[in-house]
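Dumped protein10.cif below, it's mmCIF, C-alpha atoms:
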```cif
data_final
loop_
_atom_site.group_PDB
_atom_site.id
_atom_site.type_symbol
_atom_site.label_atom_id
_atom_site.label_comp_id
_atom_site.auth_asym_id
_atom_site.auth_seq_id
_atom_site.Cartn_x
_atom_site.Cartn_y
_atom_site.Cartn_z
ATOM 1 C CA MET A 1 0.000 0.000 0.000
ATOM 2 C CA ASN A 2 1.304 3.400 -0.934
ATOM 3 C CA ALA A 3 1.150 5.709 2.051
ATOM 4 C CA ASP A 4 1.652 8.918 0.102
ATOM 5 C CA PHE A 5 -1.793 10.025 1.166
ATOM 6 C CA LYS A 6 -3.717 12.498 -0.901
ATOM 7 C CA PRO A 7 -5.353 15.442 0.863
ATOM 8 C CA GLY A 8 -9.108 15.713 0.695
ATOM 9 C CA ALA A 9 -11.197 17.798 -1.620
ATOM 10 C CA PRO A 10 -12.141 21.391 -0.766
ATOM 11 C CA ALA A 11 -14.892 21.898 1.756
ATOM 12 C CA ALA A 12 -18.451 21.520 0.615
ATOM 13 C CA PRO A 13 -20.429 24.731 0.077
ATOM 14 C CA THR A 14 -22.505 23.948 3.172
ATOM 15 C CA GLU A 15 -19.539 25.030 5.323
ATOM 16 C CA LEU A 16 -20.022 28.611 4.201
ATOM 17 C CA ALA A 17 -23.676 28.591 5.147
ATOM 18 C CA PHE A 18 -23.249 26.968 8.577
ATOM 19 C CA SER A 19 -25.594 28.326 11.211
ATOM 20 C CA PHE A 20 -26.219 26.946 14.682
ATOM 21 C CA TRP A 21 -29.881 27.919 14.565
ATOM 22 C CA ARG A 22 -30.385 26.245 11.206
ATOM 23 C CA VAL A 23 -28.669 23.071 12.413
ATOM 24 C CA PHE A 24 -30.449 23.081 15.767
ATOM 25 C CA GLY A 25 -33.781 23.882 14.114
ATOM 26 C CA ARG A 26 -33.484 20.899 11.791
ATOM 27 C CA HIS A 27 -32.539 18.678 14.719
ATOM 28 C CA TRP A 28 -35.476 19.977 16.801
ATOM 29 C CA GLN A 29 -38.013 19.475 14.028
ATOM 30 C CA SER A 30 -36.893 15.942 13.195
ATOM 31 C CA SER A 31 -36.801 15.011 16.880
ATOM 32 C CA VAL A 32 -40.294 16.397 17.535
ATOM 33 C CA ARG A 33 -41.646 14.412 14.586
ATOM 34 C CA TYR A 34 -39.882 11.275 15.793
ATOM 35 C CA TYR A 35 -40.304 11.492 19.594
ATOM 36 C CA GLY A 36 -42.830 14.239 20.299
ATOM 37 C CA LEU A 37 -42.377 17.632 21.949
ATOM 38 C CA ARG A 38 -42.060 16.500 25.570
ATOM 39 C CA HIS A 39 -39.446 13.836 24.882
ATOM 40 C CA THR A 40 -37.489 16.208 22.633
ATOM 41 C CA ALA A 41 -37.417 18.934 25.284
ATOM 42 C CA ALA A 42 -36.236 16.405 27.874
ATOM 43 C CA GLN A 43 -33.592 15.138 25.466
ATOM 44 C CA VAL A 44 -32.200 18.621 24.820
ATOM 45 C CA GLY A 45 -32.216 19.353 28.557
ATOM 46 C CA GLY A 46 -30.322 16.118 29.192
ATOM 47 C CA ALA A 47 -27.791 16.995 26.521
ATOM 48 C CA ALA A 48 -27.205 20.406 28.114
ATOM 49 C CA TYR A 49 -26.740 18.760 31.514
ATOM 50 C CA ARG A 50 -24.212 16.245 30.161
ATOM 51 C CA PHE A 51 -22.362 19.066 28.439
ATOM 52 C CA LEU A 52 -22.070 21.148 31.623
ATOM 53 C CA ARG A 53 -21.041 18.071 33.619
ATOM 54 C CA GLU A 54 -17.952 17.810 31.419
ATOM 55 C CA PHE A 55 -16.565 20.896 33.167
ATOM 56 C CA LEU A 56 -16.316 19.167 36.543
ATOM 57 C CA PRO A 57 -12.632 18.800 37.581
ATOM 58 C CA GLY A 58 -12.538 15.009 37.195
ATOM 59 C CA ARG A 59 -14.189 15.143 33.794
ATOM 60 C CA ARG A 60 -11.884 17.909 32.576
ATOM 61 C CA ARG A 61 -8.827 15.823 33.432
ATOM 62 C CA ALA A 62 -10.292 12.848 31.564
ATOM 63 C CA LYS A 63 -10.385 14.878 28.343
ATOM 64 C CA TYR A 64 -6.609 14.629 28.113
ATOM 65 C CA GLY A 65 -6.605 10.827 28.179
ATOM 66 C CA ASP A 66 -6.781 10.550 24.369
ATOM 67 C CA LEU A 67 -3.575 12.450 23.567
ATOM 68 C CA ASP A 68 -1.284 9.471 22.965
ATOM 69 C CA TYR A 69 -2.437 8.973 19.391
ATOM 70 C CA ASP A 70 -1.835 12.639 18.578
ATOM 71 C CA PHE A 71 1.640 12.648 20.107
ATOM 72 C CA ASP A 72 2.562 9.481 18.213
ATOM 73 C CA HIS A 73 1.271 10.681 14.838
ATOM 74 C CA MET A 74 1.796 14.450 15.142
ATOM 75 C CA VAL A 75 -1.840 15.333 14.428
ATOM 76 C CA ASP A 76 -4.684 17.049 16.308
ATOM 77 C CA THR A 77 -7.613 14.712 16.943
ATOM 78 C CA THR A 78 -8.026 15.086 20.715
ATOM 79 C CA ARG A 79 -11.144 16.481 22.363
ATOM 80 C CA ALA A 80 -8.988 18.263 24.949
ATOM 81 C CA ASN A 81 -8.729 21.446 22.865
ATOM 82 C CA VAL A 82 -12.262 21.501 21.447
ATOM 83 C CA GLY A 83 -13.744 24.941 22.055
ATOM 84 C CA PHE A 84 -16.730 25.628 24.312
ATOM 85 C CA ARG A 85 -18.914 26.903 21.463
ATOM 86 C CA ALA A 86 -18.223 23.973 19.146
ATOM 87 C CA GLN A 87 -18.848 21.373 21.838
ATOM 88 C CA LEU A 88 -22.052 23.147 22.940
ATOM 89 C CA ILE A 89 -23.380 23.236 19.370
ATOM 90 C CA ALA A 90 -22.559 19.555 18.940
ATOM 91 C CA ALA A 91 -24.190 18.645 22.254
ATOM 92 C CA LEU A 92 -27.439 20.476 21.533
ATOM 93 C CA SER A 93 -27.765 19.364 17.908
ATOM 94 C CA GLY A 94 -26.360 15.852 18.125
ATOM 95 C CA HIS A 95 -23.601 14.390 20.270
ATOM 96 C CA GLN A 96 -20.380 15.790 21.688
ATOM 97 C CA TYR A 97 -17.068 15.016 20.010
ATOM 98 C CA PHE A 98 -15.136 11.950 21.117
ATOM 99 C CA PRO A 99 -12.292 10.482 19.025
ATOM 100 C CA THR A 100 -12.170 6.732 18.469
ATOM 101 C CA GLU A 101 -9.775 4.745 20.642
ATOM 102 C CA PRO A 102 -7.129 3.095 18.410
ATOM 103 C CA TRP A 103 -7.336 -0.303 20.139
ATOM 104 C CA LEU A 104 -11.114 -0.453 19.697
ATOM 105 C CA PHE A 105 -10.855 0.627 16.075
ATOM 106 C CA GLU A 106 -8.404 -2.208 15.521
ATOM 107 C CA GLN A 107 -10.865 -4.664 17.059
ATOM 108 C CA ILE A 108 -13.593 -3.516 14.695
ATOM 109 C CA MET A 109 -11.361 -3.706 11.636
ATOM 110 C CA GLU A 110 -10.196 -7.174 12.697
ATOM 111 C CA ALA A 111 -13.839 -8.295 12.649
ATOM 112 C CA LEU A 112 -14.222 -7.396 8.972
ATOM 113 C CA PRO A 113 -11.776 -9.886 7.378
ATOM 114 C CA ALA A 114 -12.790 -12.541 9.918
ATOM 115 C CA LEU A 115 -16.218 -12.556 8.289
ATOM 116 C CA SER A 116 -14.717 -13.913 5.077
ATOM 117 C CA GLY A 117 -12.248 -16.193 6.826
ATOM 118 C CA GLN A 118 -9.258 -14.246 5.528
ATOM 119 C CA GLN A 119 -6.226 -13.320 7.559
ATOM 120 C CA SER A 120 -4.643 -9.903 7.802
ATOM 121 C CA VAL A 121 -1.192 -9.172 6.448
ATOM 122 C CA ILE A 122 1.032 -6.727 8.351
ATOM 123 C CA SER A 123 3.721 -5.108 6.249
ATOM 124 C CA THR A 124 7.299 -5.738 7.329
ATOM 125 C CA GLN A 125 8.031 -2.061 6.779
ATOM 126 C CA GLN A 126 7.871 -0.637 10.298
ATOM 127 C CA SER A 127 8.470 2.914 11.394
ATOM 128 C CA ALA A 128 8.028 3.819 15.039
ATOM 129 C CA PRO A 129 5.551 4.589 16.350
ATOM 130 C CA ASP A 130 3.528 3.101 13.449
ATOM 131 C CA ARG A 131 2.908 -0.638 13.397
ATOM 132 C CA GLY A 132 3.030 -0.740 9.623
ATOM 133 C CA ASN A 133 0.410 -1.140 6.932
ATOM 134 C CA ILE A 134 -2.285 -3.541 8.127
ATOM 135 C CA ILE A 135 -3.625 -4.958 4.876
ATOM 136 C CA ARG A 136 -7.043 -6.635 5.044
ATOM 137 C CA PRO A 137 -7.558 -8.894 2.023
ATOM 138 C CA GLY A 138 -10.773 -8.009 0.231
ATOM 139 C CA LEU A 139 -11.008 -4.433 1.536
ATOM 140 C CA GLU A 140 -9.155 -2.967 -1.445
ATOM 141 C CA ASP A 141 -12.498 -2.725 -3.285
ATOM 142 C CA PHE A 142 -14.270 -1.045 -0.352
ATOM 143 C CA THR A 143 -14.759 2.646 0.382
ATOM 144 C CA PHE A 144 -14.501 3.566 4.078
ATOM 145 C CA ILE A 145 -17.015 6.228 5.137
ATOM 146 C CA ASP A 146 -16.982 7.809 8.605
ATOM 147 C CA LEU A 147 -20.244 9.634 9.305
ATOM 148 C CA GLY A 148 -19.629 12.242 11.990
ATOM 149 C CA SER A 149 -15.882 12.108 11.384
ATOM 150 C CA GLY A 150 -14.921 15.018 13.629
ATOM 151 C CA LYS A 151 -11.224 15.844 13.367
ATOM 152 C CA GLY A 152 -10.556 12.788 11.223
ATOM 153 C CA ARG A 153 -8.843 10.299 13.523
ATOM 154 C CA ALA A 154 -10.773 7.303 12.149
ATOM 155 C CA LEU A 155 -9.916 8.417 8.603
ATOM 156 C CA LEU A 156 -6.211 8.363 9.404
ATOM 157 C CA MET A 157 -6.433 4.996 11.150
ATOM 158 C CA ALA A 158 -8.431 3.514 8.253
ATOM 159 C CA ALA A 159 -5.671 4.501 5.822
ATOM 160 C CA ALA A 160 -3.554 1.553 6.978
ATOM 161 C CA TYR A 161 -6.136 -1.068 6.021
ATOM 162 C CA GLY A 162 -5.993 -0.991 2.233
ATOM 163 C CA PHE A 163 -9.308 0.718 1.468
ATOM 164 C CA LYS A 164 -9.880 1.968 -2.061
ATOM 165 C CA LYS A 165 -11.070 5.367 -0.806
ATOM 166 C CA ILE A 166 -11.691 7.026 2.558
ATOM 167 C CA ILE A 167 -14.375 9.671 3.140
ATOM 168 C CA GLY A 168 -15.273 11.609 6.269
ATOM 169 C CA VAL A 169 -18.557 13.490 6.678
ATOM 170 C CA GLU A 170 -18.652 16.177 9.389
ATOM 171 C CA PHE A 171 -21.191 18.984 9.776
ATOM 172 C CA MET A 172 -19.064 21.155 12.130
ATOM 173 C CA PRO A 173 -16.872 23.427 9.951
ATOM 174 C CA GLU A 174 -14.321 23.886 12.741
ATOM 175 C CA TRP A 175 -13.646 20.153 13.047
ATOM 176 C CA HIS A 176 -13.785 19.653 9.285
ATOM 177 C CA ARG A 177 -10.991 22.201 8.820
ATOM 178 C CA VAL A 178 -8.878 20.482 11.485
ATOM 179 C CA ALA A 179 -9.472 17.146 9.743
ATOM 180 C CA GLN A 180 -8.260 18.582 6.430
ATOM 181 C CA GLU A 181 -5.094 19.850 8.094
ATOM 182 C CA ASN A 182 -4.567 16.483 9.801
ATOM 183 C CA ILE A 183 -4.871 14.715 6.449
ATOM 184 C CA ARG A 184 -2.349 17.105 4.903
ATOM 185 C CA GLN A 185 0.172 16.751 7.729
ATOM 186 C CA TYR A 186 -0.198 12.996 7.911
ATOM 187 C CA ALA A 187 0.308 12.742 4.157
ATOM 188 C CA GLU A 188 3.474 14.806 4.275
ATOM 189 C CA ARG A 189 4.935 12.845 7.167
ATOM 190 C CA ARG A 190 4.255 9.473 5.612
ATOM 191 C CA ALA A 191 5.705 10.658 2.298
ATOM 192 C CA GLN A 192 8.883 11.831 4.028
ATOM 193 C CA GLU A 193 9.255 8.449 5.720
ATOM 194 C CA ASN A 194 9.025 6.797 2.307
ATOM 195 C CA PHE A 195 6.393 4.457 3.696
ATOM 196 C CA ALA A 196 5.092 3.416 0.271
ATOM 197 C CA ALA A 197 4.775 -0.242 -0.633
ATOM 198 C CA GLU A 198 5.790 -1.047 -4.196
ATOM 199 C CA GLY A 199 3.015 -1.399 -6.753
ATOM 200 C CA LYS A 200 0.208 -0.048 -4.544
ATOM 201 C CA SER A 201 -1.629 3.204 -5.161
ATOM 202 C CA ALA A 202 -2.513 5.596 -2.364
ATOM 203 C CA PRO A 203 -6.113 5.807 -1.166
ATOM 204 C CA MET A 204 -7.881 9.111 -1.614
ATOM 205 C CA ILE A 205 -8.743 10.603 1.786
ATOM 206 C CA GLU A 206 -11.211 13.459 1.930
ATOM 207 C CA SER A 207 -13.286 15.257 4.522
ATOM 208 C CA LEU A 208 -16.675 16.689 3.506
ATOM 209 C CA CYS A 209 -18.406 19.413 5.502
ATOM 210 C CA MET A 210 -22.104 18.572 5.334
ATOM 211 C CA ASP A 211 -25.072 17.063 7.141
ATOM 212 C CA ALA A 212 -24.906 13.262 6.955
ATOM 213 C CA ARG A 213 -28.613 13.173 6.035
ATOM 214 C CA ASP A 214 -27.699 14.875 2.740
ATOM 215 C CA PHE A 215 -24.763 12.601 1.945
ATOM 216 C CA HIS A 216 -24.995 10.422 -1.183
ATOM 217 C CA PHE A 217 -23.408 7.013 -0.617
ATOM 218 C CA SER A 218 -20.918 6.198 -3.331
ATOM 219 C CA ALA A 219 -21.216 3.201 -5.631
ATOM 220 C CA GLY A 220 -19.234 0.089 -4.807
ATOM 221 C CA PRO A 221 -18.754 -1.893 -1.579
ATOM 222 C CA LEU A 222 -18.794 0.178 1.612
ATOM 223 C CA VAL A 223 -17.649 0.092 5.207
ATOM 224 C CA VAL A 224 -19.724 2.735 7.009
ATOM 225 C CA TYR A 225 -18.322 3.731 10.407
ATOM 226 C CA LEU A 226 -20.304 5.464 13.161
ATOM 227 C CA PHE A 227 -19.026 6.495 16.594
ATOM 228 C CA ASN A 228 -22.551 7.171 17.881
ATOM 229 C CA PRO A 229 -22.539 10.582 16.185
ATOM 230 C CA PHE A 230 -26.298 11.137 15.905
ATOM 231 C CA PRO A 231 -29.451 11.157 17.983
ATOM 232 C CA GLY A 232 -32.038 8.533 17.095
ATOM 233 C CA PRO A 233 -34.027 10.491 14.459
ATOM 234 C CA VAL A 234 -30.899 11.429 12.507
ATOM 235 C CA LEU A 235 -29.561 7.873 12.613
ATOM 236 C CA ALA A 236 -32.929 6.598 11.379
ATOM 237 C CA ALA A 237 -32.835 9.052 8.465
ATOM 238 C CA VAL A 238 -29.250 8.060 7.573
ATOM 239 C CA LEU A 239 -30.131 4.367 7.686
ATOM 240 C CA ASP A 240 -33.114 4.951 5.417
ATOM 241 C CA ARG A 241 -30.901 6.824 2.957
ATOM 242 C CA LEU A 242 -28.428 3.933 2.961
ATOM 243 C CA ARG A 243 -31.271 1.443 2.436
ATOM 244 C CA GLN A 244 -32.508 3.410 -0.575
ATOM 245 C CA SER A 245 -28.975 3.508 -1.999
ATOM 246 C CA LEU A 246 -28.686 -0.265 -1.648
ATOM 247 C CA ARG A 247 -32.067 -0.780 -3.282
ATOM 248 C CA GLN A 248 -30.939 1.264 -6.287
ATOM 249 C CA ASN A 249 -27.458 -0.262 -6.397
ATOM 250 C CA PRO A 250 -27.146 -3.599 -4.518
ATOM 251 C CA ARG A 251 -23.614 -4.121 -3.172
ATOM 252 C CA PRO A 252 -21.800 -5.393 -0.067
ATOM 253 C CA VAL A 253 -21.990 -3.039 2.915
ATOM 254 C CA PHE A 254 -20.664 -3.363 6.441
ATOM 255 C CA LEU A 255 -21.878 -0.927 9.097
ATOM 256 C CA ALA A 256 -19.539 -0.592 12.093
ATOM 257 C CA TYR A 257 -21.162 1.073 15.097
ATOM 258 C CA ARG A 258 -19.002 2.185 18.049
ATOM 259 C CA TYR A 259 -20.882 2.823 21.335
ATOM 260 C CA PRO A 260 -24.177 1.436 19.971
ATOM 261 C CA GLU A 261 -26.619 3.556 21.976
ATOM 262 C CA PHE A 262 -29.301 3.146 19.311
ATOM 263 C CA ASP A 263 -28.511 -0.423 18.360
ATOM 264 C CA SER A 264 -32.236 -1.213 18.504
ATOM 265 C CA LEU A 265 -32.719 0.896 15.362
ATOM 266 C CA LEU A 266 -30.298 -1.302 13.434
ATOM 267 C CA GLN A 267 -31.840 -4.467 14.825
ATOM 268 C CA LYS A 268 -35.219 -3.366 13.483
ATOM 269 C CA CYS A 269 -33.802 -2.998 9.967
ATOM 270 C CA GLY A 270 -34.809 -6.145 8.142
ATOM 271 C CA TRP A 271 -32.140 -5.536 5.510
ATOM 272 C CA LEU A 272 -29.340 -5.652 8.102
ATOM 273 C CA GLU A 273 -28.015 -8.479 10.235
ATOM 274 C CA LYS A 274 -25.540 -8.324 13.107
ATOM 275 C CA VAL A 275 -22.418 -10.329 12.292
ATOM 276 C CA ALA A 276 -19.960 -9.344 15.037
ATOM 277 C CA GLY A 277 -19.781 -7.228 18.165
ATOM 278 C CA THR A 278 -19.096 -6.669 21.853
ATOM 279 C CA GLU A 279 -20.707 -4.405 24.441
ATOM 280 C CA GLN A 280 -18.705 -1.507 22.988
ATOM 281 C CA TRP A 281 -19.278 -1.965 19.256
ATOM 282 C CA ALA A 282 -21.303 -3.864 16.671
ATOM 283 C CA VAL A 283 -20.794 -4.756 13.019
ATOM 284 C CA TYR A 284 -23.776 -5.242 10.711
ATOM 285 C CA ALA A 285 -23.901 -6.428 7.112
ATOM 286 C CA ASN A 286 -26.640 -6.087 4.534
ATOM 287 C CA ARG A 287 -28.318 -9.457 4.178
ATOM 288 C CA GLY A 288 -26.792 -11.887 1.745
ATOM 289 C CA ILE A 289 -23.122 -11.134 2.493
ATOM 290 C CA GLY A 290 -22.808 -11.841 6.220
#
```
Now that the file is in, can you turn its structure into structure tokens?
Amino acid sequence: MNADFKPGAPAAPTELAFSFWRVFGRHWQSSVRYYGLRHTAAQVGGAAYRFLREFLPGRRRAKYGDLDYDFDHMVDTTRANVGFRAQLIAALSGHQYFPTEPWLFEQIMEALPALSGQQSVISTQQSAPDRGNIIRPGLEDFTFIDLGSGKGRALLMAAAYGFKKIIGVEFMPEWHRVAQENIRQYAERRAQENFAAEGKSAPMIESLCMDARDFHFSAGPLVVYLFNPFPGPVLAAVLDRLRQSLRQNPRPVFLAYRYPEFDSLLQKCGWLEKVAGTEQWAVYANRGIG
């Protein structure tokens, strides 16, 4: 695999038109339709409470527990330096930002090749602190899509697994811009280390600034990753959009769900079946490939 990563495309036009009230209004309307007014009001109040609780001394210290990945890879994906305004907007219109833990991401990726009985291949080219390119046979035809990609940590981690293309979708312009810079810096560093494997082309990595409900799923096999980025109504809308895409263009799809708060929504989808998981994550496949 060639690790001369390619920076993502320019930000989507929606970044220029970002407005908290527009985003919150859309969230409120969809939640009221889905849950009703009373439940929605309670949900927003609970989100505000959880947000304010993060400023307790013990919670504030915990925010710095995810810095190891950033120190090792010279990027900025931590939640420790996320601004008050950005985290408040995210809390009231969806979920707060949390980056994926590398060891859990590895578990989830390990579950994908196990489904086909294939073994992973770790490149012998090592460069501390990287483990090397973790090639998963069969994933070279898949596009990796992270919905609610934040600062892009999962995009960078996915780059080692041999995906054909990697796409992040994030509605917060501030985090989208950080993700673009992370992609650029990571690309430059890997290029300088001459980490490329002979005969392999680099995956395209891009971050899109848009609402996931407006995202068009690309053709071809997909691995769709979710770190519990949405409240129930938004997740339901995204799942319905994915179902329509599969109806129009049948293809293999794996849906990897970290912190499956709304796992019941996926279980109710007759076109999905759970094929792997723990208490902390679940992997679903569209029926016929699991």
Scan for residues within 8 Å of the point (-29.2, -3.3, 3.7) in the coordinates of the file, using only C-alpha atoms, and reply as a VMD selection string. chain A and resid 242 to 243 246 to 247 253 269 to 272 285 to 287
| said: Starting from the PyMOL selection byres ((chain A and resi 143-156) around 6), expand the selection into actual residues of this file and give them as a list in words. | reply: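 That selection, the PyMOL selection byres ((chain A and resi 143-156) around 6), comes back as Thr77, Phe142, Met157, Ala158, Ala159, Phe163, Lys164, Lys165, Ile166, Ile167, Gly168, Val169, Glu170, Trp175, Val178, Ala179, Leu222, Val223, Val224, Tyr225, Leu226 and Pro229 of chain A.
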For the residues in the current selection, export C-alpha atoms as an mmCIF file, in the coordinates of the input.
```cif
data_model
loop_
_atom_site.group_PDB
_atom_site.id
_atom_site.type_symbol
_atom_site.label_atom_id
_atom_site.label_comp_id
_atom_site.auth_asym_id
_atom_site.auth_seq_id
_atom_site.Cartn_x
_atom_site.Cartn_y
_atom_site.Cartn_z
ATOM 1 C CA THR A 77 -7.613 14.712 16.943
ATOM 2 C CA PHE A 142 -14.270 -1.045 -0.352
ATOM 3 C CA MET A 157 -6.433 4.996 11.150
ATOM 4 C CA ALA A 158 -8.431 3.514 8.253
ATOM 5 C CA ALA A 159 -5.671 4.501 5.822
ATOM 6 C CA PHE A 163 -9.308 0.718 1.468
ATOM 7 C CA LYS A 164 -9.880 1.968 -2.061
ATOM 8 C CA LYS A 165 -11.070 5.367 -0.806
ATOM 9 C CA ILE A 166 -11.691 7.026 2.558
ATOM 10 C CA ILE A 167 -14.375 9.671 3.140
ATOM 11 C CA GLY A 168 -15.273 11.609 6.269
ATOM 12 C CA VAL A 169 -18.557 13.490 6.678
ATOM 13 C CA GLU A 170 -18.652 16.177 9.389
ATOM 14 C CA TRP A 175 -13.646 20.153 13.047
ATOM 15 C CA VAL A 178 -8.878 20.482 11.485
ATOM 16 C CA ALA A 179 -9.472 17.146 9.743
ATOM 17 C CA LEU A 222 -18.794 0.178 1.612
ATOM 18 C CA VAL A 223 -17.649 0.092 5.207
ATOM 19 C CA VAL A 224 -19.724 2.735 7.009
ATOM 20 C CA TYR A 225 -18.322 3.731 10.407
ATOM 21 C CA LEU A 226 -20.304 5.464 13.161
ATOM 22 C CA PRO A 229 -22.539 10.582 16.185
#
```
Residues within 12 Å of stretch 29-36 of chain A, only C-alpha atoms, excluding chain neighbours under 3 positions, as an NGL selection string: :A and (21-26 or 39-44 or 92-94 or 213 or 230-237)
With distances taken over all atoms listed in the file, the candidate from A:Arg79, A:Pro221, A:Phe171, A:Ile205 nearest A:Ile183 is A:Ile205
Tell me which of A:Phe262, A:Tyr161, A:Gly83, A:Ser245 sits closest to A:Glu174, counting all atoms listed in the file.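 Checking each candidate against A:Glu174, we get A:Gly83 as the closest.
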* Interatomic distance (Å, one decimal) between atom CA of A:Met109 and atom CA of A:Arg190 ->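 Answer for the atom CA of A:Met109 to atom CA of A:Arg190 separation: 21.3 Å.
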- request: Choose the residue, out of A:Arg38, A:Lys268, A:Arg177, A:Lys274, that has the smallest atom-to-atom separation from A:Ala256; count only C-alpha atoms.
  value: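 Result for the nearest residue to A:Ala256: A:Lys274.
Considering the residues A:Ala111, A:Leu139, A:Ser207, A:Tyr257 and counting all atoms listed in the file, A:Gly220 has its shortest atom-to-atom contact with A:Leu139.
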So how many Å separate atom CA of A:Asp76 and atom CA of A:Glu181, to one decimal?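 Result for atom CA of A:Asp76 versus atom CA of A:Glu181: 8.7 Å, one decimal.
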Checklist line | d(atom CA of A:Cys209, atom CA of A:Ser264) in Å | finding: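 That distance, rounded to one decimal, is 28.0 Å.
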Neighbouring residues of A:Thr100 were defined as those with any atom within 9 Å, considering only C-alpha atoms; residues of the same chain fewer than 3 positions away were excluded. Please report them as a PyMOL selection string. chain A and resi 66+103-105+153-154+227+258
With distances taken over only C-alpha atoms, the candidate from A:Tyr69, A:Glu140, A:Glu279, A:Arg189 nearest A:Gly162 is A:Glu140
